[in-house]
$ cat start_9.txt   # compact mmCIF, C-alpha atoms
# COMPACT_ATOMS: atom_id res chain seq x y z
CA MET A 1 29.60 -9.16 14.28
CA THR A 2 28.80 -9.17 10.56
CA LEU A 3 27.45 -6.14 8.73
CA ALA A 4 24.19 -7.97 7.96
CA ARG A 5 23.68 -8.70 11.67
CA GLN A 6 24.40 -5.09 12.59
CA ARG A 7 21.97 -3.92 9.91
CA TRP A 8 19.22 -6.15 11.29
CA ILE A 9 19.80 -4.89 14.86
CA TYR A 10 19.69 -1.32 13.56
CA ILE A 11 16.40 -1.87 11.71
CA ARG A 12 14.84 -3.67 14.69
CA ARG A 13 15.81 -0.82 17.01
CA ARG A 14 14.32 1.75 14.65
CA LEU A 15 11.15 -0.36 14.32
CA LEU A 16 10.68 -0.47 18.11
CA GLN A 17 11.19 3.28 18.25
CA GLY A 18 8.52 3.67 15.57
CA VAL A 19 6.01 1.59 17.54
CA LEU A 20 6.69 3.62 20.68
CA THR A 21 6.29 6.84 18.70
CA VAL A 22 2.90 5.75 17.33
CA PHE A 23 1.76 4.84 20.87
CA LEU A 24 2.76 8.24 22.25
CA ILE A 25 1.11 10.09 19.35
CA VAL A 26 -2.10 8.08 19.73
CA THR A 27 -2.17 8.82 23.47
CA ALA A 28 -1.54 12.54 22.98
CA ASN A 29 -4.22 12.78 20.27
CA PHE A 30 -6.82 11.13 22.50
CA PHE A 31 -6.34 13.42 25.48
CA LEU A 32 -5.91 16.60 23.44
CA LEU A 33 -9.17 16.02 21.55
CA HIS A 34 -11.05 15.21 24.76
CA LEU A 35 -9.76 18.40 26.36
CA ALA A 36 -11.34 20.46 23.57
CA PRO A 37 -14.47 22.37 24.68
CA GLY A 38 -17.91 21.22 23.63
CA ASP A 39 -19.87 17.98 23.72
CA PRO A 40 -19.68 15.84 20.56
CA ALA A 41 -23.02 14.25 21.43
CA SER A 42 -24.74 17.66 21.41
CA VAL A 43 -23.27 18.43 17.97
CA LEU A 44 -24.36 15.08 16.57
CA ALA A 45 -27.83 15.48 18.05
CA GLY A 46 -28.14 18.95 16.55
CA GLU A 47 -27.22 17.61 13.09
CA ALA A 48 -29.83 14.89 13.51
CA GLY A 49 -32.48 17.51 14.39
CA ALA A 50 -33.28 15.99 17.78
CA SER A 51 -31.34 17.78 20.48
CA ASN A 52 -33.51 16.69 23.42
CA PRO A 53 -31.72 15.40 26.58
CA GLU A 54 -32.89 11.80 26.09
CA PHE A 55 -31.45 11.56 22.60
CA ILE A 56 -28.18 13.19 23.70
CA ALA A 57 -27.88 10.71 26.55
CA GLN A 58 -28.51 7.87 24.09
CA LEU A 59 -25.73 9.15 21.82
CA ARG A 60 -23.32 9.49 24.73
CA ALA A 61 -24.00 5.89 25.72
CA GLN A 62 -23.70 4.70 22.11
CA PHE A 63 -20.26 6.25 21.65
CA GLY A 64 -19.08 5.51 25.20
CA LEU A 65 -18.89 9.21 26.15
CA ASP A 66 -20.71 8.56 29.43
CA ARG A 67 -17.87 6.42 30.78
CA PRO A 68 -14.88 7.69 32.81
CA LEU A 69 -12.05 9.11 30.72
CA TYR A 70 -9.56 6.38 31.64
CA VAL A 71 -12.06 3.70 30.59
CA GLN A 72 -12.56 5.46 27.27
CA TYR A 73 -8.79 5.65 26.86
CA LEU A 74 -8.19 1.94 27.53
CA LYS A 75 -11.07 1.02 25.23
CA TYR A 76 -9.62 3.30 22.56
CA LEU A 77 -6.16 1.72 22.86
CA TRP A 78 -7.60 -1.77 22.44
CA GLU A 79 -9.76 -0.78 19.47
CA THR A 80 -6.83 1.00 17.83
CA ALA A 81 -4.55 -2.00 18.31
CA THR A 82 -7.19 -4.22 16.62
CA PHE A 83 -7.99 -1.60 13.93
CA ASP A 84 -11.56 -1.35 15.18
CA LEU A 85 -11.98 2.39 14.64
CA GLY A 86 -15.71 2.55 15.25
CA HIS A 87 -18.53 4.05 13.21
CA SER A 88 -18.95 7.55 11.82
CA PHE A 89 -22.26 9.10 12.79
CA ARG A 90 -21.91 11.88 10.22
CA PHE A 91 -21.10 9.70 7.20
CA GLY A 92 -23.01 6.61 8.33
CA GLU A 93 -20.11 4.27 7.52
CA SER A 94 -17.32 2.39 9.23
CA ASN A 95 -14.42 4.72 10.02
CA LEU A 96 -11.94 2.15 8.76
CA LYS A 97 -13.81 1.93 5.45
CA LEU A 98 -13.89 5.72 5.14
CA ILE A 99 -10.18 6.07 5.86
CA ALA A 100 -9.24 3.18 3.57
CA GLY A 101 -11.22 4.82 0.77
CA ARG A 102 -9.44 8.16 1.16
CA LEU A 103 -5.95 6.84 1.98
CA PRO A 104 -4.84 6.06 -1.63
CA ALA A 105 -5.51 9.64 -2.72
CA THR A 106 -3.45 11.06 0.16
CA LEU A 107 -0.62 8.58 -0.42
CA LEU A 108 -0.52 9.49 -4.11
CA LEU A 109 -0.41 13.19 -3.27
CA MET A 110 2.23 12.84 -0.54
CA VAL A 111 4.53 10.48 -2.46
CA SER A 112 4.39 12.76 -5.50
CA ALA A 113 5.08 15.83 -3.37
CA VAL A 114 8.01 14.20 -1.54
CA PHE A 115 9.55 12.94 -4.79
CA LEU A 116 9.08 16.33 -6.44
CA SER A 117 10.49 18.33 -3.54
CA VAL A 118 13.54 16.10 -3.05
CA LEU A 119 14.33 15.89 -6.78
CA VAL A 120 13.79 19.55 -7.64
CA GLY A 121 15.19 20.94 -4.39
CA SER A 122 18.33 18.80 -4.49
CA SER A 123 18.93 19.60 -8.16
CA LEU A 124 18.53 23.34 -7.66
CA GLY A 125 20.75 23.26 -4.57
CA LEU A 126 23.46 21.36 -6.45
CA ILE A 127 23.33 23.80 -9.37
CA ALA A 128 23.46 26.78 -7.01
CA ALA A 129 26.54 25.37 -5.28
CA ILE A 130 28.35 24.57 -8.55
CA LYS A 131 27.45 27.99 -10.04
CA ARG A 132 28.47 29.87 -6.91
CA LYS A 133 28.84 33.66 -7.20
CA THR A 134 26.99 33.79 -10.50
CA TYR A 135 23.61 35.12 -11.58
CA ILE A 136 22.32 31.54 -11.68
CA GLU A 137 22.96 31.11 -7.96
CA VAL A 138 21.38 34.48 -7.17
CA GLY A 139 18.30 33.63 -9.24
CA ILE A 140 17.86 30.20 -7.63
CA LEU A 141 18.23 31.59 -4.09
CA LEU A 142 15.79 34.42 -4.84
CA VAL A 143 13.16 31.97 -6.10
CA ALA A 144 13.80 29.77 -3.05
CA VAL A 145 13.20 32.68 -0.68
CA LEU A 146 9.94 33.59 -2.42
CA ALA A 147 8.75 29.98 -2.35
CA TYR A 148 9.74 29.65 1.31
CA ALA A 149 7.74 32.74 2.29
CA ALA A 150 4.60 32.04 0.23
CA PRO A 151 1.64 30.71 2.29
CA VAL A 152 0.42 27.35 1.04
CA PHE A 153 -3.23 28.34 0.61
CA TRP A 154 -2.27 31.56 -1.25
CA ALA A 155 0.09 29.71 -3.57
CA GLY A 156 -2.60 27.12 -4.33
CA LEU A 157 -5.17 29.78 -5.17
CA MET A 158 -2.70 31.68 -7.36
CA PHE A 159 -1.82 28.49 -9.24
CA ILE A 160 -5.53 27.87 -9.86
CA VAL A 161 -6.02 31.42 -11.16
CA LEU A 162 -2.97 31.24 -13.44
CA PHE A 163 -2.83 27.68 -14.74
CA SER A 164 -6.52 26.69 -14.55
CA ILE A 165 -8.52 29.86 -15.16
CA LYS A 166 -6.21 32.09 -17.23
CA LEU A 167 -4.19 29.55 -19.22
CA GLU A 168 -6.66 26.63 -18.96
CA TRP A 169 -3.80 24.13 -18.88
CA LEU A 170 -4.83 22.16 -15.80
CA PRO A 171 -8.09 21.33 -13.98
CA THR A 172 -9.10 23.39 -10.96
CA SER A 173 -10.09 20.70 -8.48
CA GLY A 174 -10.88 17.05 -7.82
CA MET A 175 -8.91 13.91 -8.53
CA SER A 176 -10.44 13.05 -11.90
CA THR A 177 -12.91 14.44 -14.41
CA VAL A 178 -16.43 13.74 -13.14
CA GLY A 179 -18.55 11.73 -15.55
CA ALA A 180 -15.76 11.29 -18.11
CA GLY A 181 -15.67 7.51 -17.72
CA PHE A 182 -11.97 7.25 -18.53
CA THR A 183 -10.20 3.91 -18.08
CA GLY A 184 -6.68 2.58 -18.32
CA ILE A 185 -3.96 4.92 -19.53
CA ARG A 186 -6.45 7.72 -20.25
CA TYR A 187 -7.67 7.60 -16.64
CA ALA A 188 -4.08 7.62 -15.30
CA PHE A 189 -3.29 10.65 -17.46
CA ASP A 190 -6.43 12.39 -16.23
CA VAL A 191 -5.47 11.78 -12.58
CA ALA A 192 -1.93 12.99 -13.32
CA GLN A 193 -3.33 16.24 -14.72
CA HIS A 194 -5.38 16.79 -11.57
CA LEU A 195 -2.35 15.90 -9.42
CA VAL A 196 0.08 18.48 -10.82
CA LEU A 197 -1.14 21.59 -8.99
CA PRO A 198 -1.84 20.00 -5.57
CA ALA A 199 1.49 18.14 -5.54
CA PHE A 200 3.49 21.19 -6.60
CA THR A 201 1.69 23.40 -4.06
CA LEU A 202 2.29 20.93 -1.24
CA SER A 203 5.97 20.57 -2.16
CA LEU A 204 6.71 24.26 -2.79
CA PHE A 205 7.89 25.06 0.74
CA TYR A 206 10.11 21.97 0.87
CA ILE A 207 11.61 22.64 -2.56
CA ALA A 208 12.86 25.95 -1.19
CA LEU A 209 14.08 24.29 2.01
CA TYR A 210 15.96 21.49 0.22
CA THR A 211 17.49 23.95 -2.23
CA ARG A 212 19.14 25.90 0.58
CA LEU A 213 20.02 22.77 2.52
CA MET A 214 21.57 21.00 -0.47
CA ARG A 215 23.56 24.07 -1.50
CA THR A 216 25.04 24.42 1.99
CA SER A 217 25.83 20.70 2.21
CA VAL A 218 27.54 20.62 -1.21
CA LEU A 219 29.65 23.69 -0.42
CA GLU A 220 30.67 22.15 2.90
CA ASN A 221 31.70 18.87 1.26
CA LEU A 222 33.64 20.66 -1.49
CA SER A 223 35.97 22.06 1.17
CA LEU A 224 36.71 18.71 2.83
CA ASN A 225 39.98 16.82 2.52
CA TYR A 226 38.67 13.96 0.40
CA VAL A 227 37.67 16.41 -2.35
CA VAL A 228 41.10 18.07 -2.21
CA THR A 229 42.72 14.64 -2.51
CA ALA A 230 40.52 13.70 -5.46
CA ARG A 231 41.41 16.91 -7.25
CA SER A 232 45.10 16.35 -6.63
CA LYS A 233 44.77 12.97 -8.33
CA GLY A 234 43.43 14.69 -11.43
CA LEU A 235 39.79 13.52 -11.25
CA PRO A 236 37.40 15.63 -13.36
CA GLY A 237 35.24 18.07 -11.41
CA ARG A 238 31.98 16.51 -12.63
CA ARG A 239 33.10 13.05 -11.50
CA ILE A 240 34.07 14.39 -8.07
CA VAL A 241 30.72 16.10 -7.59
CA LEU A 242 28.49 13.33 -8.93
CA GLY A 243 30.52 10.37 -7.67
CA HIS A 244 31.62 11.59 -4.25
CA VAL A 245 30.19 14.91 -3.10
CA LEU A 246 26.58 14.25 -4.10
CA ARG A 247 26.40 11.01 -2.14
CA ASN A 248 27.49 12.69 1.09
CA ALA A 249 25.66 15.96 0.52
CA VAL A 250 22.27 14.30 0.04
CA LEU A 251 22.25 12.75 3.54
CA PRO A 252 20.90 15.86 5.30
CA VAL A 253 18.17 16.07 2.66
CA LEU A 254 17.13 12.49 3.39
CA THR A 255 17.03 13.25 7.10
CA MET A 256 14.80 16.24 6.49
CA ALA A 257 12.58 14.19 4.16
CA ALA A 258 11.50 12.06 7.12
CA VAL A 259 10.44 15.19 8.98
CA GLN A 260 8.67 16.39 5.84
CA ILE A 261 6.09 13.59 6.02
CA GLY A 262 4.63 14.90 9.26
CA GLY A 263 4.56 18.44 7.93
CA MET A 264 2.89 17.32 4.72
CA LEU A 265 0.10 15.61 6.63
CA GLY A 266 -0.72 18.96 8.17
CA GLY A 267 -0.28 20.77 4.88
CA SER A 268 -2.49 18.27 3.07
CA VAL A 269 -5.49 19.51 5.07
CA VAL A 270 -5.09 22.95 3.49
CA VAL A 271 -4.07 21.74 0.02
CA GLU A 272 -6.81 19.13 -0.24
CA SER A 273 -9.39 21.70 0.90
CA VAL A 274 -8.22 24.24 -1.69
CA PHE A 275 -8.12 21.75 -4.57
CA GLY A 276 -10.99 19.49 -3.47
CA TRP A 277 -8.61 16.53 -3.40
CA PRO A 278 -10.54 13.58 -1.87
CA GLY A 279 -7.92 12.47 0.66
CA LEU A 280 -7.46 12.15 4.41
CA GLY A 281 -6.73 15.86 4.79
CA LEU A 282 -10.14 16.88 3.47
CA LEU A 283 -11.78 14.11 5.51
CA ALA A 284 -10.00 15.35 8.66
CA TYR A 285 -11.24 18.88 7.96
CA GLU A 286 -14.82 17.66 7.63
CA SER A 287 -14.65 15.42 10.71
CA LEU A 288 -13.15 18.20 12.84
CA PHE A 289 -15.95 20.65 12.17
CA SER A 290 -18.62 17.99 12.66
CA ARG A 291 -16.99 16.89 15.97
CA ASP A 292 -16.72 13.32 14.69
CA LEU A 293 -13.99 12.46 17.21
CA ASN A 294 -13.79 8.73 16.47
CA LEU A 295 -13.20 9.39 12.78
CA LEU A 296 -10.67 12.14 13.53
CA LEU A 297 -8.79 9.89 15.95
CA GLY A 298 -8.69 7.17 13.30
CA ILE A 299 -7.27 9.60 10.74
CA LEU A 300 -4.62 10.78 13.20
CA PHE A 301 -3.77 7.16 13.98
CA PHE A 302 -3.13 6.37 10.34
CA GLY A 303 -1.18 9.61 10.05
CA ALA A 304 1.07 8.50 12.90
CA ILE A 305 1.64 5.15 11.14
CA LEU A 306 2.55 6.95 7.90
CA VAL A 307 5.09 9.12 9.73
CA ALA A 308 6.62 6.11 11.51
CA VAL A 309 6.86 4.07 8.30
CA ALA A 310 8.37 7.03 6.42
CA ASN A 311 10.99 7.55 9.13
CA LEU A 312 11.86 3.84 9.07
CA ALA A 313 12.21 3.91 5.27
CA VAL A 314 14.49 6.96 5.45
CA ASP A 315 16.61 5.32 8.16
CA ILE A 316 17.05 2.24 5.98
CA ALA A 317 17.93 4.37 2.95
CA TYR A 318 20.34 6.40 5.08
CA ALA A 319 22.08 3.23 6.26
CA ALA A 320 22.31 1.94 2.68
CA ILE A 321 24.01 5.16 1.52
CA ASP A 322 26.28 5.47 4.55
CA PRO A 323 26.73 2.13 6.41
CA ARG A 324 28.68 3.92 9.16
CA VAL A 325 25.39 4.99 10.81
CA ILE A 326 24.75 1.33 11.74
CA LEU A 327 27.79 1.36 14.00
CA LYS A 328 26.72 4.47 15.90

$ encode --input "start_9.txt" --output "structure tokens"
Amino acid sequence: MTLARQRWIYIRRRLLQGVLTVFLIVTANFFLLHLAPGDPASVLAGEAGASNPEFIAQLRAQFGLDRPLYVQYLKYLWETATFDLGHSFRFGESNLKLIAGRLPATLLLMVSAVFLSVLVGSSLGLIAAIKRKTYIEVGILLVAVLAYAAPVFWAGLMFIVLFSIKLEWLPTSGMSTVGAGFTGIRYAFDVAQHLVLPAFTLSLFYIALYTRLMRTSVLENLSLNYVVTARSKGLPGRRIVLGHVLRNAVLPVLTMAAVQIGGMLGGSVVVESVFGWPGLGLLAYESLFSRDLNLLLGILFFGAILVAVANLAVDIAYAAIDPRVILK
């Protein structure tokens, strides 16, 4: 069997696993949200200022809450499969339209945070391993421990106080300057300024994690036989590290990056709330407290798709770096 054929079988198997994962997540989300106490129809009726029994019964019928749970579940599966996510009572819009409007902001934040955490964390971990038993290593590990222990919401607030209020280098909240009317490159620069603090806050925990992980992986590879052989052949240390060790040491970081996507979706709720970033995290926060279950289920569905796609992309990148995983 050719390598291309094996690669295709590998990708197809991972794709089927991703579809199954999304199905299981969607099912779990549905039943967990319906087990939560309280009646969404009563909350919606209270917000509308008409909490009489007739209006509540009308809302329950409108959103299908008066049907048996298994009927609601089957209907939800069909609507999810056809991307018919229903209508938001609170926002008065299609849930799909609401999610599609907020999705680009969340993707921009998450992609920036993943790139930043992998790049900075891997670089710091590599430096710490090369500069072992020096003050540089001690300093990097100390900073990593502090970043690892810092709560996300506290770090975000401290960054706002320092960089936005005290130094006035960066904006405090939002995705762009309201009413500025920027276009083109000026608008992109404005968005980038607003992105710095949320992306760094969201990636802070993972920078610390990747620093420690990369350092351990590099030190482990430096003690393997292939490095000893390369040194015996007279290869320069920099060439050994960058040409051989780095390629193998980065594999655990890539594996963890796939797990990071799911964690970032949860972290984005806090970060987007702190910085007023108009993404899915802030929308999920608003829909949760308004008991807008259809909208929340739609957000969780798209979150499951993002996690599955991210895992598939990491698997493909992993196989490209180390083709031996295809044979396993």

$ residues_around --input "start_9.txt" --residues "region 70-86 of chain A" --least-positions-apart "4" --cutoff "10 Å" --atoms "only C-alpha atoms" --output "compact mmCIF listing (two decimals) with C-alpha atoms, in the coordinates of the input"
# COMPACT_ATOMS: atom_id res chain seq x y z
CA PHE A 23 1.76 4.84 20.87
CA VAL A 26 -2.10 8.08 19.73
CA THR A 27 -2.17 8.82 23.47
CA PHE A 30 -6.82 11.13 22.50
CA PHE A 31 -6.34 13.42 25.48
CA PHE A 63 -20.26 6.25 21.65
CA GLY A 64 -19.08 5.51 25.20
CA LEU A 65 -18.89 9.21 26.15
CA ASP A 66 -20.71 8.56 29.43
CA GLU A 93 -20.11 4.27 7.52
CA SER A 94 -17.32 2.39 9.23
CA ASN A 95 -14.42 4.72 10.02
CA LEU A 96 -11.94 2.15 8.76
CA LYS A 97 -13.81 1.93 5.45
CA ILE A 99 -10.18 6.07 5.86
CA ASN A 294 -13.79 8.73 16.47
CA LEU A 295 -13.20 9.39 12.78
CA LEU A 296 -10.67 12.14 13.53
CA LEU A 297 -8.79 9.89 15.95
CA GLY A 298 -8.69 7.17 13.30
CA ILE A 299 -7.27 9.60 10.74
CA PHE A 301 -3.77 7.16 13.98
CA PHE A 302 -3.13 6.37 10.34

$ closest_residue --input "start_9.txt" --among "A:Val245, A:Val118, A:Ile130, A:Leu280" --to "Asn225 (chain A)" --atoms "all atoms listed in the file"
A:Val245

$ closest_residue --input "start_9.txt" --among "A:Tyr226, A:Phe89, A:Phe205, A:Phe289" --to "Ala150 (chain A)" --atoms "all atoms listed in the file"
A:Phe205

$ atom_distance --input "start_9.txt" --atom1 "CA of Leu288 (chain A)" --atom2 "CA of Ser88 (chain A)"
12.2 Å

$ atom_distance --input "start_9.txt" --atom1 "CA of Ala144 (chain A)" --atom2 "CA of Asn311 (chain A)"
25.5 Å

$ residues_around --input "start_9.txt" --residues "Ser273 (chain A)" --least-positions-apart "5" --cutoff "9 Å" --atoms "all atoms listed in the file" --output "PDB file with C-alpha atoms, keeping the file's coordinate frame"
ATOM      1  CA  SER A 268      -2.490  18.270   3.070  1.00  0.00           C
ATOM      2  CA  PRO A 278     -10.540  13.580  -1.870  1.00  0.00           C
ATOM      3  CA  GLY A 281      -6.730  15.860   4.790  1.00  0.00           C
ATOM      4  CA  LEU A 282     -10.140  16.880   3.470  1.00  0.00           C
ATOM      5  CA  TYR A 285     -11.240  18.880   7.960  1.00  0.00           C
TER       6      TYR A 285
END

$ residues_around --input "start_9.txt" --residues "Tyr148 (chain A)" --least-positions-apart "2" --cutoff "10 Å" --atoms "only C-alpha atoms" --output "JSON, numbers by chain"
{"A": [142, 143, 144, 145, 146, 150, 151, 152, 204, 205, 206, 207, 208, 209]}

$ axis_aligned_box --input "start_9.txt" --around "region 264-270 of chain A" --padding-each-side "4 Å" --output "lines of an AutoDock Vina configuration file"
center_x = -1.3
center_y = 19.3
center_z = 5.6
size_x = 16.4
size_y = 15.3
size_z = 13.1

$ closest_residue --input "start_9.txt" --among "A:Ile25, A:Thr216, A:Ala230, A:Ser203" --to "Val271 (chain A)" --atoms "all atoms listed in the file"
A:Ser203

$ build_atoms --input "start_9.txt" --residues "region 164-179 of chain A" --atoms "N, CA and C atoms" --output "compact mmCIF listing (two decimals), keeping the file's coordinate frame"
# COMPACT_ATOMS: atom_id res chain seq x y z
N SER A 164 -5.21 27.29 -14.28
CA SER A 164 -6.52 26.69 -14.55
C SER A 164 -7.49 27.66 -15.20
N ILE A 165 -7.53 28.90 -14.66
CA ILE A 165 -8.52 29.86 -15.16
C ILE A 165 -7.97 30.66 -16.33
N LYS A 166 -6.77 31.24 -16.17
CA LYS A 166 -6.21 32.09 -17.23
C LYS A 166 -5.71 31.27 -18.42
N LEU A 167 -4.81 30.31 -18.14
CA LEU A 167 -4.19 29.55 -19.22
C LEU A 167 -4.99 28.31 -19.63
N GLU A 168 -5.83 27.82 -18.71
CA GLU A 168 -6.66 26.63 -18.96
C GLU A 168 -5.83 25.41 -19.32
N TRP A 169 -4.66 25.28 -18.65
CA TRP A 169 -3.80 24.13 -18.88
C TRP A 169 -4.18 22.94 -18.00
N LEU A 170 -4.61 23.21 -16.79
CA LEU A 170 -4.83 22.16 -15.80
C LEU A 170 -6.19 22.33 -15.15
N PRO A 171 -6.78 21.24 -14.65
CA PRO A 171 -8.09 21.33 -13.98
C PRO A 171 -7.98 22.06 -12.64
N THR A 172 -9.10 22.58 -12.19
CA THR A 172 -9.10 23.39 -10.96
C THR A 172 -9.17 22.55 -9.69
N SER A 173 -9.88 21.44 -9.71
CA SER A 173 -10.09 20.70 -8.48
C SER A 173 -10.45 19.25 -8.77
N GLY A 174 -10.52 18.46 -7.69
CA GLY A 174 -10.88 17.05 -7.82
C GLY A 174 -9.68 16.18 -8.13
N MET A 175 -9.96 14.87 -8.22
CA MET A 175 -8.91 13.91 -8.53
C MET A 175 -9.03 13.38 -9.95
N SER A 176 -10.21 13.50 -10.53
CA SER A 176 -10.44 13.05 -11.90
C SER A 176 -11.64 13.81 -12.45
N THR A 177 -11.80 13.75 -13.75
CA THR A 177 -12.91 14.44 -14.41
C THR A 177 -14.21 13.69 -14.14
N VAL A 178 -15.16 14.36 -13.51
CA VAL A 178 -16.43 13.74 -13.14
C VAL A 178 -17.24 13.40 -14.39
N GLY A 179 -17.70 12.15 -14.45
CA GLY A 179 -18.55 11.73 -15.55
C GLY A 179 -17.84 11.44 -16.85
